[in-house]
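One file, query.cif, carrying mmCIF, C-alpha atoms:
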data_model
loop_
_atom_site.label_atom_id
_atom_site.label_comp_id
_atom_site.auth_asym_id
_atom_site.auth_seq_id
_atom_site.Cartn_x
_atom_site.Cartn_y
_atom_site.Cartn_z
CA MET A 710 67.82 -89.34 -22.14
CA ILE A 711 69.30 -92.78 -22.88
CA LEU A 712 70.04 -93.37 -19.20
CA ALA A 713 66.46 -92.50 -18.25
CA LEU A 714 65.16 -94.84 -20.96
CA LEU A 715 67.38 -97.69 -19.85
CA LEU A 716 66.27 -97.26 -16.26
CA ALA A 717 62.65 -97.38 -17.43
CA LEU A 718 63.43 -100.59 -19.33
CA GLY A 719 64.92 -102.12 -16.23
CA VAL A 720 68.46 -102.36 -17.62
CA ALA A 721 70.76 -102.76 -14.63
CA PHE A 722 73.97 -100.85 -14.06
CA THR A 723 76.44 -101.48 -11.28
CA VAL A 724 78.06 -98.44 -9.73
CA ALA A 725 80.70 -98.78 -7.11
CA PRO A 726 79.74 -97.26 -3.75
CA GLY A 727 81.04 -93.72 -3.41
CA ALA A 728 82.04 -93.58 -7.07
CA GLN A 729 79.24 -91.25 -8.10
CA ALA A 730 78.71 -87.66 -7.03
CA ALA A 731 75.23 -86.34 -6.23
CA THR A 732 73.10 -85.94 -9.33
CA PRO A 733 72.84 -82.22 -10.19
CA VAL A 734 69.41 -80.64 -9.74
CA SER A 735 69.52 -79.70 -13.41
CA GLU A 736 69.65 -83.38 -14.40
CA VAL A 737 66.77 -84.22 -12.08
CA ALA A 738 64.78 -81.39 -13.67
CA GLN A 739 65.56 -82.57 -17.20
CA ALA A 740 64.38 -86.07 -16.28
CA LEU A 741 61.12 -84.70 -14.85
CA LYS A 742 60.47 -82.85 -18.10
CA LYS A 743 60.30 -86.27 -19.78
CA SER A 744 58.55 -88.31 -17.10
CA PRO A 745 56.64 -87.49 -13.89
CA VAL A 746 58.80 -89.78 -11.76
CA TYR A 747 62.58 -89.67 -11.38
CA VAL A 748 64.48 -92.18 -9.25
CA ASP A 749 68.14 -91.46 -8.70
CA PRO A 750 70.28 -94.52 -9.54
CA ALA A 751 71.63 -94.42 -5.99
CA ALA A 752 68.07 -94.50 -4.60
CA SER A 753 66.73 -97.46 -6.59
CA GLY A 754 66.34 -99.41 -3.36
CA LEU A 755 63.75 -96.90 -2.13
CA LEU A 756 61.41 -97.15 -5.13
CA SER A 757 61.70 -100.07 -7.53
CA ALA A 758 61.57 -99.61 -11.28
CA ALA A 759 58.20 -101.35 -11.40
CA ASP A 760 56.77 -99.14 -8.64
CA ALA A 761 58.18 -96.01 -10.30
CA ASP A 762 56.62 -96.99 -13.62
CA ALA A 763 53.26 -97.66 -11.96
CA LEU A 764 53.40 -94.30 -10.19
CA ALA A 765 54.29 -92.51 -13.44
CA THR A 766 51.44 -94.24 -15.28
CA LYS A 767 49.01 -93.15 -12.58
CA ILE A 768 50.07 -89.52 -12.92
CA GLU A 769 50.08 -89.60 -16.74
CA ASN A 770 46.62 -91.15 -16.85
CA ALA A 771 45.33 -88.38 -14.59
CA ASP A 772 46.94 -85.77 -16.89
CA LYS A 773 48.03 -83.65 -13.94
CA PRO A 774 51.31 -81.72 -13.37
CA VAL A 775 52.52 -83.81 -10.43
CA PHE A 776 56.26 -84.53 -10.18
CA VAL A 777 58.06 -87.06 -7.99
CA ALA A 778 61.81 -87.19 -7.36
CA VAL A 779 63.35 -89.92 -5.21
CA LEU A 780 66.90 -89.15 -4.11
CA PRO A 781 69.44 -91.03 -1.97
CA GLN A 782 69.70 -90.55 1.79
CA ASP A 783 72.90 -88.51 1.56
CA TYR A 784 71.63 -86.15 -1.15
CA PRO A 785 72.56 -82.55 -0.20
CA THR A 786 69.48 -80.58 0.83
CA ASP A 787 68.83 -76.97 1.77
CA ASP A 788 65.90 -74.55 1.84
CA THR A 789 66.28 -73.78 -1.87
CA LEU A 790 66.03 -77.30 -3.29
CA PHE A 791 62.33 -77.09 -4.19
CA ASN A 792 62.71 -73.68 -5.77
CA ARG A 793 65.76 -74.72 -7.77
CA LEU A 794 64.04 -77.84 -9.04
CA ARG A 795 60.84 -75.92 -9.88
CA THR A 796 62.82 -73.18 -11.69
CA GLN A 797 64.88 -75.58 -13.77
CA THR A 798 61.89 -77.78 -14.60
CA GLY A 799 60.02 -74.68 -15.72
CA VAL A 800 56.55 -76.11 -15.12
CA GLU A 801 54.06 -75.06 -12.50
CA GLY A 802 52.81 -78.05 -10.57
CA VAL A 803 52.98 -80.18 -7.44
CA TYR A 804 56.44 -81.46 -6.52
CA VAL A 805 57.18 -84.19 -4.01
CA ILE A 806 60.78 -85.03 -3.18
CA GLY A 807 62.00 -88.03 -1.25
CA VAL A 808 65.46 -87.99 0.29
CA GLY A 809 65.99 -91.40 1.76
CA ASP A 810 62.88 -92.14 3.80
CA ARG A 811 62.11 -88.44 4.33
CA LEU A 812 59.47 -86.90 2.11
CA ASN A 813 58.22 -83.37 1.57
CA ALA A 814 56.18 -81.53 -1.05
CA ALA A 815 55.59 -78.06 -2.45
CA ALA A 816 53.19 -76.64 -5.03
CA ASN A 817 52.43 -73.51 -6.97
CA PRO A 818 49.21 -72.04 -5.54
CA SER A 819 47.72 -71.83 -9.04
CA THR A 820 48.01 -75.63 -9.23
CA LEU A 821 47.27 -76.57 -5.62
CA PRO A 822 46.57 -73.91 -2.93
CA SER A 823 48.68 -74.16 0.22
CA ASN A 824 45.76 -75.20 2.42
CA ALA A 825 44.91 -78.04 0.04
CA LEU A 826 48.57 -79.12 -0.07
CA ASN A 827 48.78 -79.11 3.73
CA ASN A 828 45.58 -81.14 3.98
CA ILE A 829 47.06 -83.75 1.66
CA LYS A 830 50.28 -83.86 3.65
CA GLU A 831 48.37 -84.44 6.86
CA SER A 832 46.20 -87.18 5.42
CA VAL A 833 48.91 -89.27 3.76
CA GLU A 834 49.52 -92.65 5.34
CA GLY A 835 51.89 -95.53 4.78
CA THR A 836 54.87 -97.33 6.27
CA THR A 837 57.10 -97.44 3.20
CA VAL A 838 58.23 -94.76 0.77
CA THR A 839 56.26 -96.48 -1.99
CA GLU A 840 53.04 -96.51 0.05
CA ARG A 841 53.36 -92.89 1.10
CA LEU A 842 54.19 -91.70 -2.41
CA ASN A 843 51.20 -93.54 -3.85
CA SER A 844 48.93 -92.14 -1.17
CA PHE A 845 50.17 -88.62 -1.81
CA VAL A 846 49.88 -88.92 -5.60
CA ASP A 847 46.34 -90.32 -5.36
CA LEU A 848 45.22 -87.17 -3.53
CA ALA A 849 47.37 -84.73 -5.51
CA VAL A 850 46.10 -85.82 -8.95
CA ARG A 851 42.54 -85.60 -7.63
CA ASP A 852 42.86 -82.02 -6.36
CA ALA A 853 45.49 -80.39 -8.60
CA ALA A 854 44.51 -77.96 -11.35
CA GLY A 855 46.16 -77.76 -14.76
CA SER A 856 47.37 -80.55 -16.99
CA ALA A 857 50.50 -82.56 -17.61
CA PRO A 858 53.35 -80.88 -19.50
CA ALA A 859 53.39 -81.58 -23.22
CA SER A 860 57.04 -82.60 -22.93
CA TRP A 861 55.96 -85.88 -21.32
CA ASP A 862 54.34 -86.83 -24.63
CA THR A 863 57.22 -85.61 -26.80
CA ALA A 864 60.07 -87.08 -24.78
CA ALA A 865 60.64 -89.77 -27.40
CA ASP A 866 60.80 -87.33 -30.31
CA ASP A 867 64.58 -87.03 -30.02
CA PHE A 868 65.04 -90.72 -29.28
CA ASP A 869 67.84 -92.27 -31.34
CA PRO A 870 67.38 -96.05 -31.69
CA ALA A 871 70.92 -96.39 -33.07
CA ALA A 872 72.28 -95.44 -29.64
CA LEU A 873 70.96 -98.73 -28.26
CA ILE A 874 72.45 -101.05 -30.90
CA GLY A 875 75.18 -102.14 -28.56
CA LEU A 876 72.69 -102.97 -25.83
CA GLY A 877 71.08 -105.84 -27.70
CA ALA A 878 67.70 -106.93 -28.91
CA VAL A 879 66.04 -106.78 -25.50
CA ALA A 880 66.77 -103.09 -25.08
CA LEU A 881 65.64 -102.37 -28.64
CA ALA A 882 62.37 -104.18 -28.08
CA GLY A 883 61.90 -102.23 -24.89
CA GLY A 884 62.61 -99.01 -26.79
CA ALA A 885 59.88 -99.86 -29.27
CA GLY A 886 57.53 -100.46 -26.36
CA ALA A 887 58.43 -97.12 -24.84
CA TYR A 888 57.73 -95.35 -28.12
CA ALA A 889 54.38 -97.11 -28.35
CA LEU A 890 53.60 -95.87 -24.83
CA VAL A 891 54.35 -92.32 -25.93
CA ARG A 892 51.98 -92.69 -28.87
CA ARG A 893 49.28 -93.98 -26.53
CA ASN A 894 49.86 -91.02 -24.22
CA ARG A 895 49.43 -88.63 -27.14
CA LYS A 896 46.15 -90.28 -28.02
CA ARG A 897 45.09 -90.05 -24.37
CA LYS A 898 45.77 -86.32 -24.38
CA ALA A 899 43.85 -85.87 -27.62
CA ASP A 900 40.95 -87.82 -26.12
CA ALA A 901 41.09 -85.57 -23.04
CA GLU A 902 40.85 -82.50 -25.25
CA TRP A 903 37.82 -83.89 -27.02
CA ALA A 904 36.22 -84.69 -23.65
CA ALA A 905 36.84 -81.12 -22.49
CA LEU A 906 35.41 -79.77 -25.73
CA ALA A 907 32.33 -81.96 -25.25
CA LYS A 908 31.74 -80.37 -21.84
CA LEU A 909 32.14 -76.91 -23.29
CA ARG A 910 29.87 -77.71 -26.21
CA VAL A 911 26.93 -78.30 -23.85
CA VAL A 912 27.35 -74.89 -22.23
CA VAL A 913 28.05 -73.01 -25.46
CA ASP A 914 25.12 -74.60 -27.27
CA GLU A 915 22.91 -73.36 -24.43
CA ASP A 916 24.34 -69.87 -24.91
CA ILE A 917 23.82 -69.91 -28.69
CA THR A 918 20.23 -71.09 -28.22
CA ALA A 919 19.55 -68.38 -25.64
CA PHE A 920 20.97 -65.74 -27.99
CA GLY A 921 18.78 -66.98 -30.84
CA GLU A 922 15.73 -66.75 -28.59
CA GLU A 923 16.65 -63.14 -27.77
CA LEU A 924 16.73 -62.35 -31.47
CA ASP A 925 13.25 -63.86 -31.87
CA ARG A 926 11.83 -62.01 -28.87
CA LEU A 927 13.13 -58.71 -30.22
CA ASP A 928 10.74 -59.13 -33.16
CA PHE A 929 12.49 -56.47 -35.23
CA HIS A 930 11.71 -56.10 -38.92
CA PRO A 931 14.09 -53.95 -41.00
CA SER A 932 11.13 -52.52 -42.97
CA GLU A 933 8.91 -51.77 -39.97
CA PRO A 934 7.72 -48.16 -39.48
CA GLY A 935 10.29 -46.06 -37.66
CA ALA A 936 13.23 -48.35 -38.47
CA THR A 937 16.41 -46.39 -39.18
CA ASP A 938 19.63 -47.30 -40.93
CA GLU A 939 21.35 -47.44 -37.53
CA MET A 940 18.77 -49.94 -36.26
CA ARG A 941 19.13 -52.07 -39.37
CA THR A 942 22.92 -51.99 -38.93
CA ASP A 943 22.61 -53.09 -35.29
CA TYR A 944 20.24 -55.90 -36.24
CA GLU A 945 22.49 -57.10 -39.04
CA HIS A 946 25.44 -57.01 -36.66
CA ALA A 947 23.55 -59.20 -34.19
CA LEU A 948 22.50 -61.67 -36.91
CA ASP A 949 26.07 -61.88 -38.19
CA ALA A 950 27.31 -62.56 -34.64
CA TYR A 951 24.73 -65.34 -34.23
CA ASP A 952 25.77 -66.98 -37.49
CA LYS A 953 29.45 -66.57 -36.62
CA ALA A 954 28.98 -68.21 -33.22
CA LYS A 955 27.21 -71.22 -34.75
CA SER A 956 29.84 -71.55 -37.48
CA LEU A 957 32.79 -71.33 -35.10
CA MET A 958 31.29 -73.87 -32.73
CA GLY A 959 30.67 -76.21 -35.62
CA GLN A 960 34.33 -75.92 -36.61
CA ALA A 961 35.74 -76.15 -33.06
CA GLU A 962 38.31 -78.91 -32.65
CA ARG A 963 40.04 -77.89 -29.43
CA PRO A 964 38.80 -76.33 -26.17
CA GLU A 965 40.49 -72.99 -26.84
CA ASP A 966 38.46 -72.62 -30.05
CA VAL A 967 35.45 -71.89 -27.86
CA ARG A 968 36.78 -68.46 -26.93
CA GLY A 969 35.91 -67.07 -30.37
CA VAL A 970 32.37 -68.40 -30.03
CA THR A 971 31.62 -66.64 -26.75
CA GLU A 972 33.33 -63.48 -28.01
CA ALA A 973 30.88 -63.46 -30.94
CA ILE A 974 27.89 -64.03 -28.66
CA GLU A 975 28.96 -61.21 -26.33
CA ASP A 976 29.38 -58.88 -29.30
CA GLY A 977 25.98 -59.81 -30.68
CA ARG A 978 24.23 -59.30 -27.35
CA PHE A 979 25.62 -55.80 -27.07
CA ALA A 980 24.36 -55.02 -30.58
CA LEU A 981 20.90 -56.16 -29.47
CA ALA A 982 21.10 -53.94 -26.39
CA VAL A 983 21.96 -50.94 -28.58
CA LEU A 984 19.13 -51.76 -30.99
CA ALA A 985 16.62 -52.04 -28.14
CA ALA A 986 17.71 -48.65 -26.80
CA ARG A 987 17.29 -47.03 -30.23
CA ARG A 988 13.78 -48.47 -30.66
CA GLU A 989 12.72 -47.29 -27.21
CA GLY A 990 14.30 -43.86 -27.53
CA ARG A 991 16.63 -44.44 -24.57
CA GLU A 992 20.22 -43.37 -24.14
CA LEU A 993 22.54 -45.82 -25.85
CA PRO A 994 24.27 -48.21 -23.42
CA VAL A 995 27.98 -48.01 -22.69
CA ARG A 996 29.93 -51.12 -23.70
CA ARG A 997 30.34 -53.24 -20.59
CA PRO A 998 31.16 -56.91 -19.98
CA PRO A 999 28.26 -59.33 -19.55
CA CYS A 1000 26.80 -60.25 -16.19
CA PHE A 1001 29.40 -62.14 -14.20
CA PHE A 1002 26.92 -64.57 -12.70
CA ASP A 1003 25.53 -65.67 -16.07
CA PRO A 1004 26.58 -64.05 -19.37
CA ARG A 1005 23.18 -65.01 -20.80
CA HIS A 1006 21.74 -62.21 -18.66
CA GLY A 1007 23.27 -59.74 -21.11
CA PRO A 1008 25.51 -56.69 -20.64
CA ALA A 1009 26.06 -55.58 -17.05
CA VAL A 1010 24.49 -52.37 -15.80
CA ALA A 1011 26.54 -51.91 -12.61
CA ASP A 1012 29.36 -53.29 -10.48
CA MET A 1013 28.39 -54.90 -7.18
CA SER A 1014 30.48 -56.25 -4.31
CA TRP A 1015 30.48 -60.04 -4.17
CA ALA A 1016 32.64 -62.74 -2.57
CA PRO A 1017 32.88 -66.47 -3.33
CA GLU A 1018 32.27 -68.81 -0.41
CA GLY A 1019 35.12 -68.27 2.03
CA GLY A 1020 36.72 -65.63 -0.23
CA THR A 1021 37.26 -61.90 -0.13
CA PRO A 1022 34.80 -59.39 -1.68
CA ARG A 1023 35.47 -57.88 -5.07
CA ASP A 1024 33.42 -55.83 -7.55
CA VAL A 1025 31.83 -57.84 -10.35
CA PRO A 1026 29.68 -56.68 -13.30
CA VAL A 1027 26.01 -57.57 -12.81
CA CYS A 1028 22.80 -57.32 -14.79
CA ALA A 1029 19.81 -55.33 -13.52
CA ALA A 1030 18.01 -58.41 -12.18
CA ASP A 1031 21.02 -59.65 -10.19
CA ARG A 1032 21.66 -56.15 -8.87
CA THR A 1033 18.12 -56.13 -7.48
CA ARG A 1034 18.57 -59.60 -5.98
CA ILE A 1035 21.77 -58.60 -4.21
CA GLU A 1036 20.29 -55.33 -2.95
CA GLU A 1037 17.36 -57.26 -1.50
CA GLY A 1038 19.66 -59.74 0.23
CA GLU A 1039 18.99 -62.61 -2.15
CA ASP A 1040 21.48 -64.79 -4.00
CA PRO A 1041 22.22 -63.90 -7.65
CA ALA A 1042 21.10 -66.27 -10.40
CA VAL A 1043 24.42 -68.03 -10.96
CA ARG A 1044 25.16 -70.11 -14.05
CA THR A 1045 25.73 -73.72 -13.02
CA VAL A 1046 27.21 -76.59 -15.00
CA ASP A 1047 27.37 -80.35 -14.59
CA THR A 1048 30.29 -81.76 -12.59
CA PRO A 1049 31.03 -85.24 -11.17
CA THR A 1050 29.66 -83.98 -7.83
CA GLY A 1051 26.52 -82.40 -9.29
CA ARG A 1052 25.63 -78.94 -10.54
CA ARG A 1053 28.17 -76.28 -9.53
CA PRO A 1054 28.76 -72.59 -10.40
CA TYR A 1055 30.88 -72.41 -13.55
CA TYR A 1056 33.72 -70.72 -11.66
CA GLU A 1057 33.94 -73.71 -9.27
CA ALA A 1058 33.73 -76.38 -11.96
CA GLY A 1059 37.39 -76.50 -13.02
CA PRO A 1060 39.76 -75.01 -15.60
CA VAL A 1061 37.95 -76.54 -18.58
CA TYR A 1062 35.66 -73.50 -18.57
CA GLY A 1063 38.55 -71.04 -18.97
CA PRO A 1064 38.15 -70.54 -22.76
CA TRP A 1065 34.38 -70.10 -22.35
CA ALA A 1066 34.81 -67.42 -19.68
CA GLY A 1067 37.75 -65.84 -21.52
CA GLY A 1068 35.59 -65.06 -24.53
CA TYR A 1069 33.07 -63.23 -22.40
CA PHE A 1070 35.37 -61.35 -20.04
CA GLY A 1071 38.86 -61.49 -21.61
CA GLY A 1072 41.86 -59.25 -21.04
CA GLY A 1073 42.85 -58.31 -17.51
CA LEU A 1074 39.34 -58.46 -16.07
CA LEU A 1075 39.15 -62.14 -15.16
CA PRO A 1076 41.89 -62.46 -12.50
CA GLY A 1077 40.12 -60.03 -10.19
CA LEU A 1078 36.68 -61.47 -10.85
CA LEU A 1079 37.70 -65.08 -10.28
CA MET A 1080 40.22 -64.62 -7.45
CA GLY A 1081 39.65 -67.32 -4.85
CA THR A 1082 37.66 -69.63 -7.15
CA MET A 1083 38.80 -72.91 -8.69
CA LEU A 1084 38.85 -71.41 -12.16
CA GLY A 1085 40.67 -68.36 -10.85
CA HIS A 1086 43.46 -70.45 -9.30
CA MET A 1087 44.30 -71.86 -12.74
CA MET A 1088 44.00 -68.52 -14.51
CA ALA A 1089 46.33 -66.86 -12.00
CA SER A 1090 49.35 -68.69 -13.42
CA PRO A 1091 51.77 -66.66 -15.59
CA ALA A 1092 51.52 -69.14 -18.46
CA TYR A 1093 47.75 -69.08 -18.56
CA ALA A 1094 47.78 -65.30 -18.42
CA ALA A 1095 50.09 -65.28 -21.43
CA THR A 1096 47.42 -67.10 -23.44
CA ASP A 1097 44.97 -64.21 -22.83
CA TYR A 1098 42.57 -66.47 -20.92
CA GLY A 1099 41.85 -69.34 -23.19
CA SER A 1100 43.09 -68.14 -26.56
CA GLY A 1101 46.18 -70.32 -26.47
CA GLU A 1102 47.23 -73.73 -25.33
CA GLY A 1103 48.12 -73.19 -21.70
CA GLY A 1104 45.08 -74.88 -20.22
CA PHE A 1105 45.05 -78.02 -22.33
CA GLU A 1106 48.45 -78.63 -23.92
CA GLY A 1107 50.20 -79.72 -20.81
CA GLY A 1108 51.22 -77.93 -17.67
CA ASP A 1109 51.60 -74.26 -17.07
CA SER A 1110 55.15 -73.49 -18.10
CA SER A 1111 56.71 -70.33 -16.76
CA GLY A 1112 60.40 -71.08 -16.40
CA SER A 1113 61.75 -69.07 -13.47
CA ASP A 1114 59.09 -66.41 -13.84
CA PHE A 1115 57.19 -67.17 -10.67
CA GLY A 1116 57.12 -65.91 -7.10
CA SER A 1117 59.45 -68.03 -5.02
CA GLY A 1118 57.51 -67.00 -1.95
CA ASP A 1119 54.47 -68.74 -3.42
CA PHE A 1120 56.30 -72.02 -3.79
CA GLY A 1121 56.51 -73.05 -0.15
CA GLY A 1122 57.57 -76.26 1.50
CA GLY A 1123 61.35 -76.04 1.38
CA PHE A 1124 63.77 -78.01 3.50
CA GLY A 1125 63.92 -77.18 7.15
CA ASP A 1126 61.39 -74.36 6.92
CA GLY A 1127 58.63 -75.93 8.93
CA GLY A 1128 56.77 -76.95 5.80
CA GLY A 1129 57.32 -80.67 6.28
CA PHE A 1130 54.61 -83.30 6.39
CA GLY A 1131 52.94 -83.25 9.76
CA GLY A 1132 52.25 -86.05 12.19
CA GLY A 1133 55.07 -88.22 10.98
CA ASP A 1134 52.68 -89.96 8.57
CA PHE A 1135 54.67 -88.80 5.60
CA GLY A 1136 58.09 -88.81 7.12
CA GLY A 1137 58.24 -85.24 8.41
CA GLY A 1138 60.23 -82.41 6.89
CA PHE A 1139 63.75 -82.70 5.52
#

Please render this file's structure as structure tokens.
Amino acid sequence: MILALLLALGVAFTVAPGAQAATPVSEVAQALKKSPVYVDPAASGLLSAADADALATKIENADKPVFVAVLPQDYPTDDTLFNRLRTQTGVEGVYVIGVGDRLNAAANPSTLPSNALNNIKESVEGTTVTERLNSFVDLAVRDAAGSAPASWDTAADDFDPAALIGLGAVALAGGAGAYALVRRNRKRKADAEWAALAKLRVVVDEDITAFGEELDRLDFHPSEPGATDEMRTDYEHALDAYDKAKSLMGQAERPEDVRGVTEAIEDGRFALAVLAARREGRELPVRRPPCFFDPRHGPAVADMSWAPEGGTPRDVPVCAADRTRIEEGEDPAVRTVDTPTGRRPYYEAGPVYGPWAGGYFGGGLLPGLLMGTMLGHMMASPAYAATDYGSGEGGFEGGDSSGSDFGSGDFGGGFGDGGGFGGGDFGGGF
């Protein structure tokens, strides 16, 4: 920890050539838990301290789980290096390793699918290690899903200023600056959470409004002729759900708080469906999830085969209107949301909508529904699954942590396995 801090402060150390053994992978991993960029002391000539700091700042500002390790030319490499580093770091993300002037990268598919990773590799340009790393990081932080690990913001929590007394006032001043940077990073992450919540608030407010309009259209009066106790109970249940949704959204402080709101709306909509069936003398509906294409359509009435663009078909729950559209060869009425590139289906708009979708679909249903979509890639990670799709902190409190609990076959791009950067633009494979 102290060594990493001193390197960040630019404190120079002189090590006699050949006097230092290769840095263990475990130490590299520990350093990456505290900062997105690690430069081995023996590789400082490949990436300067200033360039490393600029690269780390770029990654931290993007709040993406992208990791860079720069190692000396003679660092021992084999086909397991990426997997060992990923396992000991314990965070799903995009990893780029430089060994001398040779660079390669690997990524968990839930963070960056293999085709996207390969496209980045092929498009990276530059003549120096610094140029190529910056080019790669620019593209990786743009396309990667997930967020930075929380440990980057808490790396200074165990910092002991007394350990630097012997290093003088300059080092102490630098330590204070580093701590201030950590505090700024924490504020940045809090601001990012509020920004994500603001996006969700727009969508959820639309849902609450639509639910309220359904209550009005129902035009049920508890004292009307023919009203039964069961009907009154259903109506009260729906009203309670409406009030609960508004209250929870008013109290929401973090993106994951939205899950409870959409759970309440889904519960209230089903109560309305039961009430409508009682009033019309129909058979009571079976509890089903809402329409996949837009939960505002109400409870699904059937499962229909559907595939995202370029994806494989799967059965999704659909409302009666969307079932008719699909049967007649038309497109379903898909819920779209605002994105930087315009209106997009919610499942292609990024992981911020995970808590919103989790409240509607929850449990083990979502992975199959969203397989092959942008939102599905994020939800496929073990850590996100452990949060029950938006109920916890996996999507917003920094990186998807899963220790060694991941498929090594999904973490491609090892040394000498043909997964190197093509075209020579990024130095080829190791």

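Each of A:Ala853, A:Leu755, A:Met940, A:Leu906 was compared to Gly990 (chain A) using all atoms listed in the file, and A:Met940 turns out to be the nearest.
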
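Near (22.4, -71.4, -32.9), the residues inside the 6 Å limit, counting all atoms listed in the file, come to A:Ile917, A:Thr918, A:Lys955.
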
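Atom pair CA of Thr789 (chain A) / CA of Ala763 (chain A) has a distance of 29.0 Å (rounded to one decimal).
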
Task: Test item: residues at most 12 Å from region 731-738 of chain A, only C-alpha atoms, excluding those fewer than 4 positions along its chain, as a ChimeraX atom specification - done: /A:710,712-713,727,742-752,776-786,789-800,804,806,808,1112

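What separates CA of Ala849 (chain A) from CA of Ala758 (chain A) is a distance of 21.4 Å.
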
Open item on the list: Can you tell me which residues surround Phe1002 (chain A) at a distance of at most 8 Å, considering all atoms listed in the file, apart from same-chain residues fewer than 5 positions away, and format the answer as a ChimeraX atom specification?
Closed with: /A:1027,1041-1044

Write to file, as a CSV table (one decimal), keeping the file's coordinate frame, the residues of the selection just made, with C-alpha atoms.
chain,number,residue,atom,x,y,z
A,1027,VAL,CA,26.0,-57.6,-12.8
A,1041,PRO,CA,22.2,-63.9,-7.6
A,1042,ALA,CA,21.1,-66.3,-10.4
A,1043,VAL,CA,24.4,-68.0,-11.0
A,1044,ARG,CA,25.2,-70.1,-14.0

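Between CA of Ala1011 (chain A) and CA of Pro1026 (chain A) lies a distance of 5.8 Å.
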
- [ ] Rank A:Glu962, A:Ala936, A:Tyr1069, A:Leu957 by their smallest atom-to-atom distance to Arg997 (chain A), using all atoms listed in the file, and report the top residue only.
- [x] A:Tyr1069

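Using all atoms listed in the file, the smallest distance between any of A:Asp810, A:Asp847, A:Glu840, A:Glu831 and Thr766 (chain A) comes from A:Asp847.
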
TODO: Could you list the residues chosen by the PyMOL selection byres ((chain A and resi 1028) around 6) in this structure as a list in words?
DONE: Cys1000, Ala1009, Val1010, Val1027, Ala1029, Ala1030 and Asp1031 of chain A
